[in-house]
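So this one's run-v8.cif, mmCIF, C-alpha atoms:
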```cif
data_work
loop_
_atom_site.group_PDB
_atom_site.id
_atom_site.type_symbol
_atom_site.label_atom_id
_atom_site.label_comp_id
_atom_site.auth_asym_id
_atom_site.auth_seq_id
_atom_site.Cartn_x
_atom_site.Cartn_y
_atom_site.Cartn_z
ATOM 1 C CA MET A 1 0.000 0.000 0.000
ATOM 2 C CA SER A 2 1.510 3.324 -1.062
ATOM 3 C CA ASP A 3 1.823 6.318 1.241
ATOM 4 C CA ASP A 4 -0.327 8.312 -1.202
ATOM 5 C CA VAL A 5 -3.223 5.836 -0.936
ATOM 6 C CA ALA A 6 -2.887 5.814 2.849
ATOM 7 C CA ARG A 7 -3.060 9.624 2.892
ATOM 8 C CA GLN A 8 -6.165 9.585 0.711
ATOM 9 C CA ALA A 9 -7.812 7.119 3.072
ATOM 10 C CA GLN A 10 -6.952 9.310 6.041
ATOM 11 C CA THR A 11 -8.507 12.274 4.239
ATOM 12 C CA TRP A 12 -11.753 10.355 3.703
ATOM 13 C CA VAL A 13 -11.877 9.331 7.357
ATOM 14 C CA SER A 14 -11.189 12.897 8.500
ATOM 15 C CA LEU A 15 -14.039 14.141 6.311
ATOM 16 C CA LEU A 16 -16.452 11.616 7.813
ATOM 17 C CA LEU A 17 -15.309 12.482 11.329
ATOM 18 C CA SER A 18 -15.862 16.179 10.667
ATOM 19 C CA GLY A 19 -19.622 15.712 10.322
ATOM 20 C CA GLU A 20 -19.570 17.724 7.087
ATOM 21 C CA ALA A 21 -19.637 14.788 4.655
ATOM 22 C CA THR A 22 -22.599 14.774 2.277
ATOM 23 C CA THR A 23 -24.374 11.976 0.430
ATOM 24 C CA ALA A 24 -22.436 13.048 -2.662
ATOM 25 C CA ASP A 25 -19.224 12.520 -0.676
ATOM 26 C CA ALA A 26 -20.496 9.075 0.320
ATOM 27 C CA ARG A 27 -21.048 8.168 -3.327
ATOM 28 C CA SER A 28 -17.575 9.419 -4.223
ATOM 29 C CA LEU A 29 -16.102 7.417 -1.357
ATOM 30 C CA THR A 30 -17.880 4.266 -2.545
ATOM 31 C CA ALA A 31 -16.448 4.778 -6.044
ATOM 32 C CA TRP A 32 -12.940 5.397 -4.679
ATOM 33 C CA ARG A 33 -13.042 2.282 -2.505
ATOM 34 C CA GLY A 34 -14.262 0.157 -5.391
ATOM 35 C CA ALA A 35 -11.610 1.386 -7.801
ATOM 36 C CA ASP A 36 -8.787 -0.652 -6.264
ATOM 37 C CA PRO A 37 -8.519 -3.310 -3.509
ATOM 38 C CA CYS A 38 -5.703 -1.228 -1.997
ATOM 39 C CA HIS A 39 -8.142 1.652 -1.545
ATOM 40 C CA GLU A 40 -10.550 -0.641 0.295
ATOM 41 C CA ALA A 41 -7.857 -1.979 2.613
ATOM 42 C CA ALA A 42 -6.494 1.515 3.291
ATOM 43 C CA PHE A 43 -9.938 2.868 4.179
ATOM 44 C CA ALA A 44 -10.695 -0.084 6.475
ATOM 45 C CA ARG A 45 -7.394 0.379 8.289
ATOM 46 C CA ALA A 46 -7.807 4.145 8.629
ATOM 47 C CA ALA A 47 -11.338 3.730 9.974
ATOM 48 C CA ARG A 48 -10.183 1.185 12.548
ATOM 49 C CA VAL A 49 -7.167 3.232 13.623
ATOM 50 C CA HIS A 50 -9.321 6.275 14.250
ATOM 51 C CA GLY A 51 -11.908 4.263 16.152
ATOM 52 C CA LEU A 52 -14.500 5.501 13.701
ATOM 53 C CA ALA A 53 -17.073 2.825 14.329
ATOM 54 C CA ARG A 54 -16.697 3.127 18.101
ATOM 55 C CA THR A 55 -17.071 6.910 17.922
ATOM 56 C CA ALA A 56 -20.243 6.665 15.863
ATOM 57 C CA ALA A 57 -21.785 4.007 18.101
ATOM 58 C CA ALA A 58 -21.039 6.106 21.185
ATOM 59 C CA GLU A 59 -22.634 9.122 19.550
ATOM 60 C CA LEU A 60 -25.843 7.190 19.014
ATOM 61 C CA ARG A 61 -25.916 6.232 22.701
ATOM 62 C CA THR A 62 -25.101 9.732 23.994
ATOM 63 C CA ARG A 63 -27.817 11.515 25.937
ATOM 64 C CA ARG A 64 -28.223 15.231 26.560
ATOM 65 C CA PRO A 65 -27.923 16.701 30.073
ATOM 66 C CA ASP A 66 -31.744 17.054 30.130
ATOM 67 C CA GLY A 67 -32.012 13.278 29.797
ATOM 68 C CA ARG A 68 -33.336 13.180 26.259
ATOM 69 C CA SER A 69 -31.758 10.960 23.653
ATOM 70 C CA ALA A 70 -29.385 12.638 21.212
ATOM 71 C CA SER A 71 -31.713 11.479 18.452
ATOM 72 C CA THR A 72 -34.320 14.026 19.650
ATOM 73 C CA ARG A 73 -32.094 17.026 19.022
ATOM 74 C CA THR A 74 -33.343 19.650 16.671
ATOM 75 C CA GLY A 75 -31.196 20.329 13.654
ATOM 76 C CA PRO A 76 -30.827 17.970 10.724
ATOM 77 C CA SER A 77 -27.197 16.881 10.941
ATOM 78 C CA ARG A 78 -27.676 14.280 13.710
ATOM 79 C CA ARG A 79 -30.870 12.573 12.515
ATOM 80 C CA LEU A 80 -30.057 9.433 10.607
ATOM 81 C CA ILE A 81 -32.249 8.102 7.822
ATOM 82 C CA ILE A 82 -31.964 4.326 7.526
ATOM 83 C CA GLY A 83 -33.328 4.389 3.984
ATOM 84 C CA GLY A 84 -30.212 6.236 2.849
ATOM 85 C CA ALA A 85 -27.807 3.596 4.142
ATOM 86 C CA ILE A 86 -24.808 2.667 2.035
ATOM 87 C CA ALA A 87 -23.072 -0.555 3.058
ATOM 88 C CA ALA A 88 -19.396 -0.217 3.979
ATOM 89 C CA ALA A 89 -18.943 -3.816 5.034
ATOM 90 C CA SER A 90 -15.200 -4.121 4.607
ATOM 91 C CA ALA A 91 -14.567 -1.416 7.185
ATOM 92 C CA GLY A 92 -17.023 -3.050 9.553
ATOM 93 C CA VAL A 93 -19.309 -0.004 9.485
ATOM 94 C CA VAL A 94 -22.353 1.330 7.672
ATOM 95 C CA VAL A 95 -22.510 4.805 6.160
ATOM 96 C CA LEU A 96 -25.865 6.410 6.896
ATOM 97 C CA ALA A 97 -27.260 9.450 5.117
ATOM 98 C CA GLY A 98 -28.636 12.137 7.417
ATOM 99 C CA ARG A 99 -31.092 14.938 6.912
ATOM 100 C CA GLY A 100 -29.450 17.874 5.182
ATOM 101 C CA GLY A 101 -27.295 15.463 3.163
ATOM 102 C CA ARG A 102 -24.749 14.682 5.876
ATOM 103 C CA VAL A 103 -23.564 11.181 6.678
ATOM 104 C CA GLY A 104 -22.326 9.252 9.687
ATOM 105 C CA LEU A 105 -21.208 5.727 10.522
ATOM 106 C CA ILE A 106 -22.493 2.936 12.766
ATOM 107 C CA PRO A 107 -21.117 -0.598 13.134
ATOM 108 C CA PRO A 108 -23.164 -3.653 12.108
ATOM 109 C CA ALA A 109 -24.904 -5.444 14.966
ATOM 110 C CA ALA A 110 -22.915 -8.170 16.739
ATOM 111 C CA ASP A 111 -24.280 -10.921 18.970
ATOM 112 C CA TYR A 112 -20.931 -11.517 20.653
ATOM 113 C CA GLU A 113 -17.793 -9.401 20.873
ATOM 114 C CA THR A 114 -14.573 -9.167 22.848
ATOM 115 C CA ALA A 115 -12.747 -6.180 24.251
ATOM 116 C CA LYS A 116 -9.049 -5.491 23.778
ATOM 117 C CA GLY A 117 -7.061 -8.306 25.368
ATOM 118 C CA GLU A 118 -10.171 -10.424 26.005
ATOM 119 C CA THR A 119 -11.007 -13.907 24.674
ATOM 120 C CA LYS A 120 -14.347 -15.688 24.792
ATOM 121 C CA ALA A 121 -15.442 -19.312 24.242
ATOM 122 C CA LEU A 122 -18.910 -20.112 22.859
ATOM 123 C CA GLN A 123 -20.884 -23.286 22.142
ATOM 124 C CA LEU A 124 -22.828 -22.584 18.946
ATOM 125 C CA ALA A 125 -24.481 -25.966 18.487
ATOM 126 C CA ASP A 126 -24.057 -29.609 19.376
ATOM 127 C CA GLY A 127 -20.457 -30.410 18.437
ATOM 128 C CA VAL A 128 -19.618 -26.909 17.177
ATOM 129 C CA SER A 129 -17.754 -24.374 19.303
ATOM 130 C CA VAL A 130 -15.864 -21.157 18.659
ATOM 131 C CA GLU A 131 -13.296 -19.114 20.559
ATOM 132 C CA LEU A 132 -12.981 -15.394 19.898
ATOM 133 C CA ASN A 133 -9.680 -13.560 20.134
ATOM 134 C CA THR A 134 -9.143 -9.922 21.095
ATOM 135 C CA LEU A 135 -11.316 -7.225 19.437
ATOM 136 C CA THR A 136 -13.509 -9.752 17.644
ATOM 137 C CA ARG A 137 -17.162 -9.364 16.684
ATOM 138 C CA ILE A 138 -19.506 -12.049 15.355
ATOM 139 C CA ALA A 139 -23.180 -12.160 14.397
ATOM 140 C CA LEU A 140 -25.197 -15.386 14.520
ATOM 141 C CA ARG A 141 -26.746 -16.543 11.244
ATOM 142 C CA PRO A 142 -29.744 -18.752 12.145
ATOM 143 C CA ASP A 143 -30.937 -18.458 8.545
ATOM 144 C CA ALA A 144 -27.979 -20.666 7.572
ATOM 145 C CA GLY A 145 -28.277 -23.121 10.481
ATOM 146 C CA GLY A 146 -27.615 -23.257 14.198
ATOM 147 C CA ALA A 147 -23.867 -23.642 13.666
ATOM 148 C CA ALA A 148 -23.487 -20.615 11.382
ATOM 149 C CA PHE A 149 -22.164 -17.155 12.149
ATOM 150 C CA GLU A 150 -20.619 -14.150 10.444
ATOM 151 C CA LEU A 151 -17.157 -12.987 11.434
ATOM 152 C CA LEU A 152 -17.584 -9.213 11.280
ATOM 153 C CA SER A 153 -14.035 -8.439 12.374
ATOM 154 C CA GLY A 154 -11.208 -9.974 14.363
ATOM 155 C CA GLU A 155 -10.070 -13.543 14.798
ATOM 156 C CA ALA A 156 -11.775 -16.815 15.719
ATOM 157 C CA MET A 157 -11.006 -20.509 16.150
ATOM 158 C CA VAL A 158 -13.773 -22.964 15.178
ATOM 159 C CA TRP A 159 -14.144 -26.634 16.115
ATOM 160 C CA ALA A 160 -16.598 -29.044 14.455
ATOM 161 C CA ARG A 161 -16.637 -32.403 16.211
ATOM 162 C CA GLY A 162 -18.337 -35.643 15.209
ATOM 163 C CA SER A 163 -19.860 -36.912 11.997
ATOM 164 C CA GLY A 164 -23.571 -36.631 11.283
ATOM 165 C CA ARG A 165 -23.885 -33.197 12.866
ATOM 166 C CA PRO A 166 -24.582 -29.997 10.911
ATOM 167 C CA PRO A 167 -21.380 -28.410 9.562
ATOM 168 C CA ALA A 168 -19.954 -25.191 10.919
ATOM 169 C CA THR A 169 -20.470 -22.325 8.470
ATOM 170 C CA VAL A 170 -18.601 -19.029 8.738
ATOM 171 C CA PHE A 171 -19.448 -15.984 6.616
ATOM 172 C CA ALA A 172 -17.008 -13.096 6.206
ATOM 173 C CA GLN A 173 -16.601 -10.314 3.644
ATOM 174 C CA GLY A 174 -19.061 -11.879 1.213
ATOM 175 C CA GLY A 175 -17.390 -15.299 1.405
ATOM 176 C CA GLU A 176 -18.470 -18.541 3.071
ATOM 177 C CA THR A 177 -16.403 -21.296 4.698
ATOM 178 C CA VAL A 178 -17.931 -24.680 5.558
ATOM 179 C CA LEU A 179 -16.267 -27.170 7.929
ATOM 180 C CA GLY A 180 -17.824 -30.612 8.387
ATOM 181 C CA GLN A 181 -15.354 -31.915 10.933
ATOM 182 C CA GLY A 182 -12.040 -30.456 12.081
ATOM 183 C CA ARG A 183 -10.633 -27.117 13.197
ATOM 184 C CA LEU A 184 -10.378 -23.724 11.509
ATOM 185 C CA ALA A 185 -8.634 -20.445 12.312
ATOM 186 C CA LEU A 186 -10.155 -17.372 10.684
ATOM 187 C CA ARG A 187 -9.011 -13.763 10.629
ATOM 188 C CA CYS A 188 -10.955 -10.838 9.159
ATOM 189 C CA LEU A 189 -9.177 -7.470 9.133
ATOM 190 C CA ASP A 190 -8.760 -4.586 6.679
ATOM 191 C CA GLY A 191 -11.279 -6.035 4.213
ATOM 192 C CA GLU A 192 -9.300 -9.281 3.907
ATOM 193 C CA VAL A 193 -10.087 -12.761 5.234
ATOM 194 C CA ARG A 194 -7.564 -15.480 6.032
ATOM 195 C CA VAL A 195 -8.866 -19.034 6.476
ATOM 196 C CA SER A 196 -6.516 -21.652 7.924
ATOM 197 C CA CYS A 197 -7.537 -25.291 8.038
ATOM 198 C CA LEU A 198 -5.717 -26.879 10.970
ATOM 199 C CA GLU A 199 -7.543 -30.227 11.017
ATOM 200 C CA GLY A 200 -9.991 -31.866 8.638
ATOM 201 C CA SER A 201 -10.854 -30.062 5.404
ATOM 202 C CA ALA A 202 -12.996 -27.073 4.486
ATOM 203 C CA GLN A 203 -14.796 -25.601 1.505
ATOM 204 C CA VAL A 204 -14.302 -21.897 0.837
ATOM 205 C CA ARG A 205 -16.602 -20.008 -1.506
ATOM 206 C CA ALA A 206 -15.614 -16.410 -2.233
ATOM 207 C CA ALA A 207 -15.246 -13.935 -5.092
ATOM 208 C CA GLY A 208 -17.308 -16.139 -7.401
ATOM 209 C CA GLY A 209 -15.206 -19.280 -6.921
ATOM 210 C CA ALA A 210 -14.980 -22.366 -4.699
ATOM 211 C CA VAL A 211 -11.825 -23.901 -3.225
ATOM 212 C CA ALA A 212 -11.286 -27.103 -1.267
ATOM 213 C CA LEU A 213 -8.894 -26.247 1.565
ATOM 214 C CA PRO A 214 -6.869 -29.244 2.821
ATOM 215 C CA PRO A 215 -5.488 -29.583 6.356
ATOM 216 C CA ARG A 216 -2.391 -27.565 7.285
ATOM 217 C CA HIS A 217 -3.084 -25.023 4.558
ATOM 218 C CA SER A 218 -4.482 -21.494 4.490
ATOM 219 C CA LEU A 219 -5.795 -19.107 1.894
ATOM 220 C CA THR A 220 -6.633 -15.414 1.796
ATOM 221 C CA TYR A 221 -9.515 -13.747 0.003
ATOM 222 C CA ASP A 222 -11.274 -10.415 -0.335
ATOM 223 C CA GLN A 223 -14.379 -9.431 -2.267
ATOM 224 C CA ARG A 224 -12.539 -9.577 -5.580
ATOM 225 C CA ARG A 225 -10.175 -12.532 -5.519
ATOM 226 C CA VAL A 226 -9.028 -15.694 -3.756
ATOM 227 C CA MET A 227 -5.323 -16.291 -3.337
ATOM 228 C CA PRO A 228 -3.869 -19.815 -3.763
ATOM 229 C CA ALA A 229 -3.651 -22.015 -0.668
ATOM 230 C CA VAL A 230 -0.245 -22.238 1.028
ATOM 231 C CA PRO A 231 1.158 -24.599 3.701
ATOM 232 C CA ILE A 232 1.119 -23.422 7.324
ATOM 233 C CA ASP A 233 2.403 -24.343 10.754
ATOM 234 C CA PRO A 234 -0.783 -25.243 12.731
ATOM 235 C CA GLU A 235 0.895 -24.500 16.061
ATOM 236 C CA ALA A 236 1.710 -20.959 15.020
ATOM 237 C CA GLU A 237 -1.846 -20.342 13.805
ATOM 238 C CA GLY A 238 -3.345 -20.920 17.231
ATOM 239 C CA ALA A 239 -0.581 -19.344 19.288
ATOM 240 C CA TRP A 240 -2.888 -16.595 20.596
ATOM 241 C CA ARG A 241 -4.872 -19.226 22.473
ATOM 242 C CA ARG A 242 -1.697 -19.965 24.442
ATOM 243 C CA GLY A 243 -1.142 -16.276 25.144
ATOM 244 C CA LEU A 244 1.604 -15.879 22.536
ATOM 245 C CA LEU A 245 2.219 -13.660 19.555
ATOM 246 C CA LEU A 246 4.645 -15.330 17.136
ATOM 247 C CA PHE A 247 6.403 -13.396 14.376
ATOM 248 C CA ARG A 248 8.665 -14.984 11.800
ATOM 249 C CA ASN A 249 10.451 -12.618 9.446
ATOM 250 C CA GLU A 250 7.561 -10.133 9.650
ATOM 251 C CA ARG A 251 7.659 -6.408 8.843
ATOM 252 C CA LEU A 252 7.974 -4.297 11.995
ATOM 253 C CA GLY A 253 5.042 -2.202 10.771
ATOM 254 C CA ASP A 254 2.827 -5.319 10.667
ATOM 255 C CA VAL A 255 4.147 -6.488 14.034
ATOM 256 C CA ILE A 256 3.231 -3.176 15.657
ATOM 257 C CA GLU A 257 -0.250 -3.224 14.094
ATOM 258 C CA GLU A 258 -0.826 -6.667 15.611
ATOM 259 C CA ILE A 259 0.512 -5.649 19.021
ATOM 260 C CA ASN A 260 -1.818 -2.653 19.022
ATOM 261 C CA ARG A 261 -4.774 -5.029 18.885
ATOM 262 C CA TYR A 262 -3.843 -6.311 22.352
ATOM 263 C CA ARG A 263 -2.349 -3.314 24.093
ATOM 264 C CA GLU A 264 -4.188 -0.343 25.623
ATOM 265 C CA GLY A 265 -3.065 2.888 24.001
ATOM 266 C CA ARG A 266 -1.120 2.787 20.765
ATOM 267 C CA ILE A 267 2.440 2.244 19.542
ATOM 268 C CA VAL A 268 3.408 4.526 16.663
ATOM 269 C CA ILE A 269 6.404 4.147 14.353
ATOM 270 C CA ALA A 270 7.833 7.619 13.742
ATOM 271 C CA SER A 271 10.499 6.546 11.242
ATOM 272 C CA ALA A 272 9.183 5.307 7.896
ATOM 273 C CA GLY A 273 12.361 3.314 7.340
ATOM 274 C CA LEU A 274 11.683 1.147 10.382
ATOM 275 C CA ARG A 275 8.366 -0.190 9.092
ATOM 276 C CA ASP A 276 10.006 -2.583 6.631
ATOM 277 C CA ARG A 277 12.559 -3.889 9.114
ATOM 278 C CA ARG A 278 12.169 -7.664 9.572
ATOM 279 C CA VAL A 279 11.371 -9.019 13.018
ATOM 280 C CA ASN A 280 11.426 -12.485 14.590
ATOM 281 C CA GLY A 281 10.174 -13.176 18.072
ATOM 282 C CA ALA A 282 7.609 -14.557 20.507
ATOM 283 C CA PHE A 283 5.779 -12.188 22.841
ATOM 284 C CA GLN A 284 3.420 -12.968 25.706
ATOM 285 C CA THR A 285 0.065 -11.224 25.523
ATOM 286 C CA ASP A 286 -0.273 -11.052 29.318
ATOM 287 C CA GLN A 287 2.994 -9.063 29.442
ATOM 288 C CA ILE A 288 2.243 -6.899 26.439
ATOM 289 C CA ASP A 289 3.805 -3.736 27.876
ATOM 290 C CA GLN A 290 7.195 -5.467 27.977
ATOM 291 C CA ILE A 291 7.160 -5.777 24.195
ATOM 292 C CA VAL A 292 8.397 -2.205 23.756
ATOM 293 C CA ASP A 293 11.443 -2.907 25.930
ATOM 294 C CA GLN A 294 12.119 -6.152 24.065
ATOM 295 C CA LEU A 295 12.033 -4.361 20.735
ATOM 296 C CA ARG A 296 14.283 -1.633 22.066
ATOM 297 C CA LEU A 297 16.888 -4.091 23.360
ATOM 298 C CA ALA A 298 16.751 -6.556 20.456
ATOM 299 C CA TYR A 299 16.517 -4.129 17.543
ATOM 300 C CA GLY A 300 18.019 -0.914 18.864
ATOM 301 C CA VAL A 301 14.948 1.249 18.440
ATOM 302 C CA SER A 302 14.286 4.210 20.716
ATOM 303 C CA ALA A 303 10.988 4.474 22.585
ATOM 304 C CA THR A 304 9.307 7.616 23.905
ATOM 305 C CA ARG A 305 6.361 7.073 26.243
ATOM 306 C CA LEU A 306 3.536 9.617 26.188
ATOM 307 C CA PRO A 307 0.303 9.954 28.183
ATOM 308 C CA GLY A 308 -2.608 7.691 27.325
ATOM 309 C CA GLY A 309 -0.451 4.634 26.656
ATOM 310 C CA VAL A 310 1.041 6.125 23.483
ATOM 311 C CA VAL A 311 4.584 5.019 22.671
ATOM 312 C CA VAL A 312 6.570 6.487 19.775
ATOM 313 C CA ILE A 313 9.395 4.315 18.459
ATOM 314 C CA ALA A 314 12.089 5.545 16.087
#
```
Please rewrite the model in this file as structure tokens.
Amino acid sequence: MSDDVARQAQTWVSLLLSGEATTADARSLTAWRGADPCHEAAFARAARVHGLARTAAAELRTRRPDGRSASTRTGPSRRLIIGGAIAAASAGVVVLAGRGGRVGLIPPAADYETAKGETKALQLADGVSVELNTLTRIALRPDAGGAAFELLSGEAMVWARGSGRPPATVFAQGGETVLGQGRLALRCLDGEVRVSCLEGSAQVRAAGGAVALPPRHSLTYDQRRVMPAVPIDPEAEGAWRRGLLLFRNERLGDVIEEINRYREGRIVIASAGLRDRRVNGAFQTDQIDQIVDQLRLAYGVSATRLPGGVVVIA
């Protein structure tokens, strides 16, 4: 993703946050996002970084000092019209047109979700269970069976045990993964879905195609394409369940983005040259604040701590 595309995405997010975006802006944004998969991924990342969905949801829950709901305010800019909704599924939000032509964002409804650093285990149906990792949101899909759900964002591990039972079905970003018996790891972030088959075999239908995913393989898809399956290390895929973050020859920029999903506050890389530096390591999620010191000692980066849990590394 180029710096120019990232800047454009930031500009779109800033416009939406300003409250001055119009329905015409929303249409232009939809066209820009659809022009290139990189645009879509950049917008999804910018929206998540800014906490756009959380801000919009909080706004809808805010009440005035006189006790009335914010939705009863006079003035057109805060009244949302559902009929003017434009889906923005890959960013995990919906763009809603408001009276006066302005737009805002709300997240899609989730039946279960986890906070930063939290995990949660669920029994979906007889023989089918799921464990949610940090900052994960899912919505049940009873229309597709009792063992079906949609991964709205985040990361989940799915078990389907025993023959003769309904398969586990996971929807994400317009795709569908079906597991009859075995274990899956799924990750849905930045408009991209990664499906890893750890045990058994799975069928993945996405972007107009269908792929049989064998055990110990993973594939990645978005709304436009499905990448070829590649071999994986099953132990590394489920490391988060053991409280570990494993990185093998990963970009420091990607490592920091992953760490930020677990840590309160935010780590920011001030030097552009550091983002492409390759990192290997294993970090414990229950000692996440020690990661900054480990990076400083192992890779010689400097770290400046600021209020609010912000750390700038250079």
Just so the selection is clear, what residues does the PyMOL selection byres ((chain A and resi 165) around 12) cover here, as a VMD selection string?
-> chain A and resid 125 to 128 145 to 147 160 to 164 166 to 168 179 to 181
Two-atom distance - CA of Asn249 (chain A), CA of Arg278 (chain A) (Å) = 5.2 Å
Could you list, as a CSV table (one decimal) with C-alpha atoms, keeping the file's coordinate frame, every residue within 7 Å of Gly309 (chain A), counting only C-alpha atoms and ignoring same-chain residues fewer than 6 positions away?
```csv
chain,number,residue,atom,x,y,z
A,264,GLU,CA,-4.2,-0.3,25.6
A,265,GLY,CA,-3.1,2.9,24.0
A,266,ARG,CA,-1.1,2.8,20.8
```
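Taking all atoms listed in the file, the non-local environment of Trp32 (chain A) within 12 Å (same-chain residues fewer than 2 positions away omitted) comprises A:Val5, A:Gln8, A:Ala9, A:Trp12, A:Asp25, A:Ala26, A:Arg27, A:Ser28, A:Leu29, A:Thr30, A:Gly34, A:Ala35, A:Asp36, A:Pro37, A:Cys38, A:His39, A:Glu40, A:Ala41, A:Ala42, A:Phe43.
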Deliver the residues from the most recent selection as a file, using C-alpha atoms, as a CSV table (one decimal), in the coordinates of the input.
```
chain,number,residue,atom,x,y,z
A,5,VAL,CA,-3.2,5.8,-0.9
A,8,GLN,CA,-6.2,9.6,0.7
A,9,ALA,CA,-7.8,7.1,3.1
A,12,TRP,CA,-11.8,10.4,3.7
A,25,ASP,CA,-19.2,12.5,-0.7
A,26,ALA,CA,-20.5,9.1,0.3
A,27,ARG,CA,-21.0,8.2,-3.3
A,28,SER,CA,-17.6,9.4,-4.2
A,29,LEU,CA,-16.1,7.4,-1.4
A,30,THR,CA,-17.9,4.3,-2.5
A,34,GLY,CA,-14.3,0.2,-5.4
A,35,ALA,CA,-11.6,1.4,-7.8
A,36,ASP,CA,-8.8,-0.7,-6.3
A,37,PRO,CA,-8.5,-3.3,-3.5
A,38,CYS,CA,-5.7,-1.2,-2.0
A,39,HIS,CA,-8.1,1.7,-1.5
A,40,GLU,CA,-10.6,-0.6,0.3
A,41,ALA,CA,-7.9,-2.0,2.6
A,42,ALA,CA,-6.5,1.5,3.3
A,43,PHE,CA,-9.9,2.9,4.2
```
Work out how far apart CA of Ala185 (chain A) and CA of Leu295 (chain A) are and give it in Å to one decimal.
->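 Distance reported for this atom pair: 27.5 Å.
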Take CA of Ile256 (chain A) and CA of Phe171 (chain A) and report the distance between them in Å, one decimal.
->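 A separation of 27.6 Å between them.
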Please define a box with edges along x, y and z of the file around all atoms of region 302-310 of chain A given in the file, extend it by 5 Å on each side, and return its centre and edge lengths in Å to one decimal, as AutoDock Vina command-line options.
```
--center_x 5.8 --center_y 7.1 --center_z 24.4 --size_x 26.9 --size_y 15.7 --size_z 17.5
```
